[in-house]
Amino acid sequence: MNILFINTAYDNGGAASVMREIKAGIESRGHSASVFTAKTTNVAERVSSKYSPLRKRISYLMSDDTNFSNSDHILKSEEFSKADIVHCHNLHGWYFNLETLHKISKIKPVIWTLHDMWAITPHCAHSFDSPILDGFFSCPNRNIYPKISWPNEKHLRKRKKHIYEKSDFHIVSPSQWLLDLVNKSILNNKRKTLIYNGVDTEIFSKTDKLTARTALGLPINKKIVLFVADGGKDNMFKGWQYCEDKMKKNQRNDVINLCIGGSENRIEGNIVFVKSIHDKRTLSYYYSACDIFMFSSLAENMPLVVLEAMSCGTCVVSFDVGGVKEIINHKRNGYLAKYKSADDLFIGLKMFLEMPADQIKIIQDYAIQTIQKKFDSNRMIDEYISLYGSILDQAKKYVYVFYNHPL
């Protein structure tokens with residue numbers, strides 16, 4: 001098989017990480033893959049990018065992330081010509097004209113993996129608790145990524161609906177949570193499959209804590225609480241404000257707080273800020289070195305950082321958000337706090353800080369088993385390959401019926 005992937009980015013973000021994992025997995029199994037992205041720093045073969053800051057600016061000013069980018073060049077490419085299936089990931093980010101999706105689907109089988117809610121909202125990646133209107137979940141404000149400059153929601157709903165109605169694609173949801181929302185939305189009549197995100201459990205595996213801390217230069221005799229987010233504390237979706245106040249007020253000499261994901265290394269009081277880490281093995285060492293991973297995200301689907309932390313045997317305390325409840329079994333392999341309740345978040349934090357070592361080990365072992373059983377990247381890759389095969393089989397049957405029994 002030859003698969004063409006399309007995504008906003010190649011290097012950064014959860015969608016890119018999942019896409020790269022699938023690409024590497026299918027190539028290791030003898031298949032071929034190529035990638036189109038808006039932007040990349042990767043110079044590897046079969047990664048093509050085309051990004052226009054001017055078109056991004058026009059899209060923002062026109063309040064329309066679906067119309068003003070030029071993505072029809074994909075249709076003229078050798079990669080598209082050779083592809084058996086086009087596998088889309090994030091199509092938002094001011095680089096993809098949604099009409100291209102329709103054109104692609106008329107020529108090739110299409111799979112669209114939804115990493116957030118953008119496909120079923122007028123413009124935003126997450127709608128939080130907003131109501132549904134005309135088959136789309138409403139956006140609570142215009143500044144949620146990808147933001148728009150003026151109220152153009154009615155047009156965006158109409159345009160997306162028109163394109164969806166004339167396009168044929170198969171939806172993959174990485175969580176039952178998002179799949180349930182899709183079933184309530186404008187896309188409820190599309191074919192759908194649940195395939196959980198997966199992580200490389202060989203890379204994200206438990207390392208001896210002393211070894212990890214020594215390698216990273218972290219204190220040996222203190223508890224360490226970890227927060228990880230793309231953009232660090234400034235990422236509006238990650239809920240840093242629910243952690244920061246408690247961290248500053250609950251200072252303990254035996255606890256260090258780490259925040260990974262910003263643009264610089266610095267120390268503020270009892271919080272150590274570490275700039276973004278892109279090397280998976282280094283990040284795995286940080287998970288293994290820490291006692292607790294605190295996840296206060298306000299909008300999620302199937303977060304890779306939770307899977308990575310648990311795969312390394314780190315105790316996770318998380319808000320009950322998105323698909324996290326499909327990973328965490330409350331008080332058995334982690335702690336599931338009430339959404340937006342900083343008090344409950346820190347009840348879980350305190351529970352793990354004070355839990356005896358033998359009980360902690362039970363939590364850690366169960367967390368590792370959970371990831372290895374349900375969220376290993378090999379399982380994810382196998383399920384995608386199976387889906388590719390079934391879609392190609394259906395396409396062949398359609399061609400056979402069409403040519404032998406023409407309308």
# chains A, B, ... in the order shown; residues from 1 in each chain; ligands from 1

call {"tool": "residues_around", "arguments": {"residues": "range 189-205 of chain A", "least_positions_apart": "2", "cutoff": "8 Å", "atoms": "only C-alpha atoms", "output": "NGL selection string"}}
result
:A and (18 or 168-176 or 179 or 183 or 186-187 or 207 or 280-281 or 284 or 288 or 302 or 304 or 307-309 or 311-313 or 371-372 or 374-380 or 383-384)

call {"tool": "select_by_dssp", "arguments": {"residues": "range 226-381 of chain A", "states": "helix (DSSP H, G or I)", "output": "number ranges by chain"}}
result
A: 232-234, 241-249, 280-289, 304-311, 324-326, 342-354, 357-374, 377-381

call {"tool": "atom_distance", "arguments": {"atom1": "CA of Tyr339 in chain A", "atom2": "CA of Val321 in chain A"}}
result
6.5 Å

call {"tool": "residues_around", "arguments": {"residues": "Lys238 in chain A", "least_positions_apart": "3", "cutoff": "12 Å", "atoms": "only C-alpha atoms", "output": "ChimeraX atom specification"}}
result
/A:227-235,241-244,259,261,294-300,303,305,318-319,321,340

call {"tool": "write_last_selection", "arguments": {"atoms": "N, CA, C and O atoms", "output": "short mmCIF file (atom, residue, chain, number, x, y, z; two decimals), in the first residue's frame"}}
result
data_model
loop_
_atom_site.label_atom_id
_atom_site.label_comp_id
_atom_site.auth_asym_id
_atom_site.auth_seq_id
_atom_site.Cartn_x
_atom_site.Cartn_y
_atom_site.Cartn_z
N PHE A 227 4.56 18.91 35.11
CA PHE A 227 3.52 19.47 34.22
C PHE A 227 4.16 19.61 32.85
O PHE A 227 5.23 20.19 32.72
N VAL A 228 3.52 19.08 31.81
CA VAL A 228 4.06 19.14 30.44
C VAL A 228 2.99 19.67 29.51
O VAL A 228 1.85 19.21 29.54
N ALA A 229 3.35 20.66 28.68
CA ALA A 229 2.41 21.18 27.69
C ALA A 229 3.16 21.87 26.57
O ALA A 229 4.19 22.52 26.82
N ASP A 230 2.68 21.70 25.36
CA ASP A 230 3.24 22.43 24.22
C ASP A 230 2.98 23.91 24.45
O ASP A 230 1.84 24.35 24.51
N GLY A 231 4.04 24.69 24.61
CA GLY A 231 3.90 26.10 24.95
C GLY A 231 3.95 26.36 26.44
O GLY A 231 3.88 27.51 26.88
N GLY A 232 4.08 25.28 27.22
CA GLY A 232 4.20 25.44 28.66
C GLY A 232 2.99 26.07 29.30
O GLY A 232 1.84 25.82 28.92
N LYS A 233 3.23 26.93 30.27
CA LYS A 233 2.14 27.53 31.04
C LYS A 233 1.31 28.52 30.22
O LYS A 233 0.21 28.89 30.62
N ASP A 234 1.81 28.92 29.04
CA ASP A 234 1.08 29.91 28.23
C ASP A 234 0.06 29.28 27.28
O ASP A 234 -0.67 30.01 26.61
N ASN A 235 0.00 27.97 27.23
CA ASN A 235 -0.99 27.30 26.38
C ASN A 235 -2.36 27.39 27.05
O ASN A 235 -2.59 26.80 28.11
N GLN A 241 -3.33 27.67 35.12
CA GLN A 241 -3.78 28.49 36.24
C GLN A 241 -4.34 27.65 37.38
O GLN A 241 -4.35 28.07 38.54
N TYR A 242 -4.82 26.44 37.06
CA TYR A 242 -5.36 25.57 38.11
C TYR A 242 -4.25 24.90 38.91
O TYR A 242 -4.50 24.38 40.00
N CYS A 243 -3.04 24.92 38.38
CA CYS A 243 -1.90 24.32 39.08
C CYS A 243 -1.05 25.36 39.79
O CYS A 243 -0.59 25.15 40.92
N GLU A 244 -0.84 26.50 39.13
CA GLU A 244 0.15 27.46 39.59
C GLU A 244 -0.12 27.98 40.99
O GLU A 244 0.76 27.99 41.86
N CYS A 259 7.84 22.34 35.20
CA CYS A 259 6.95 22.69 34.10
C CYS A 259 7.76 22.66 32.81
O CYS A 259 8.65 23.48 32.61
N GLY A 261 7.93 22.74 28.62
CA GLY A 261 7.22 23.10 27.41
C GLY A 261 7.32 24.56 27.01
O GLY A 261 6.79 24.95 25.97
N MET A 294 0.94 15.88 36.61
CA MET A 294 -0.30 16.61 36.83
C MET A 294 -0.82 17.15 35.50
O MET A 294 -0.13 17.89 34.80
N PHE A 295 -2.06 16.78 35.17
CA PHE A 295 -2.64 17.12 33.87
C PHE A 295 -3.92 17.90 34.10
O PHE A 295 -4.96 17.34 34.44
N SER A 296 -3.83 19.21 33.90
CA SER A 296 -4.96 20.10 34.19
C SER A 296 -5.58 20.66 32.92
O SER A 296 -6.19 21.73 32.92
N SER A 297 -5.45 19.94 31.81
CA SER A 297 -5.93 20.43 30.52
C SER A 297 -7.43 20.67 30.54
O SER A 297 -8.20 19.93 31.15
N LEU A 298 -7.86 21.71 29.83
CA LEU A 298 -9.27 22.09 29.77
C LEU A 298 -9.97 21.56 28.53
O LEU A 298 -11.21 21.56 28.47
N ALA A 299 -9.22 21.13 27.54
CA ALA A 299 -9.80 20.61 26.30
C ALA A 299 -8.87 19.56 25.73
O ALA A 299 -7.71 19.85 25.43
N GLU A 300 -9.35 18.32 25.61
CA GLU A 300 -8.52 17.23 25.13
C GLU A 300 -9.35 16.22 24.35
O GLU A 300 -10.58 16.19 24.46
N PRO A 303 -5.05 12.46 24.94
CA PRO A 303 -3.75 13.12 25.12
C PRO A 303 -2.57 12.16 25.19
O PRO A 303 -2.53 11.25 26.01
N VAL A 305 0.48 12.83 26.16
CA VAL A 305 1.33 12.99 27.35
C VAL A 305 0.84 12.12 28.49
O VAL A 305 1.64 11.60 29.28
N SER A 318 -5.31 13.84 36.84
CA SER A 318 -5.84 14.55 35.68
C SER A 318 -7.26 15.00 35.91
O SER A 318 -8.04 14.33 36.60
N PHE A 319 -7.61 16.12 35.28
CA PHE A 319 -9.03 16.48 35.18
C PHE A 319 -9.75 15.41 34.35
O PHE A 319 -9.17 14.80 33.45
N VAL A 321 -11.48 15.04 31.55
CA VAL A 321 -11.66 15.85 30.36
C VAL A 321 -11.49 14.97 29.12
O VAL A 321 -10.65 14.07 29.09
N LYS A 340 -12.05 21.13 36.19
CA LYS A 340 -11.79 22.50 36.65
C LYS A 340 -11.81 22.65 38.17
O LYS A 340 -11.92 23.76 38.68
#

call {"tool": "select_by_dssp", "arguments": {"residues": "range 38-188 of chain A", "states": "strand (DSSP E)", "output": "list in words"}}
result
Ala38, Lys39, Val47, Ser48, Ser49, Ile85, Val86, His87, Cys88, Val110, Ile111, Trp112, Thr113, Ile132, Leu133, Phe136, Phe137, His170, Ile171, Val172 and Ser173 of chain A

call {"tool": "closest_residue", "arguments": {"among": "A:Ala342, A:Leu336, A:Met117, A:Ala395", "to": "Asp180 in chain A", "atoms": "only C-alpha atoms"}}
result
A:Met117

call {"tool": "closest_residue", "arguments": {"among": "A:Val182, A:Leu258, A:Tyr145, A:Glu354", "to": "Met236 in chain A", "atoms": "only C-alpha atoms"}}
result
A:Tyr145

call {"tool": "closest_residue", "arguments": {"among": "A:Val306, A:Gln359, A:Gly93, A:His126", "to": "Arg332 in chain A", "atoms": "only C-alpha atoms"}}
result
A:Gln359

call {"tool": "closest_residue", "arguments": {"among": "A:Asn152, A:Ser185, A:Asn67, A:Thr8", "to": "Lys39 in chain A", "atoms": "only C-alpha atoms"}}
result
A:Thr8

call {"tool": "atom_distance", "arguments": {"atom1": "CA of Tyr285 in chain A", "atom2": "CA of Ile368 in chain A"}}
result
15.1 Å
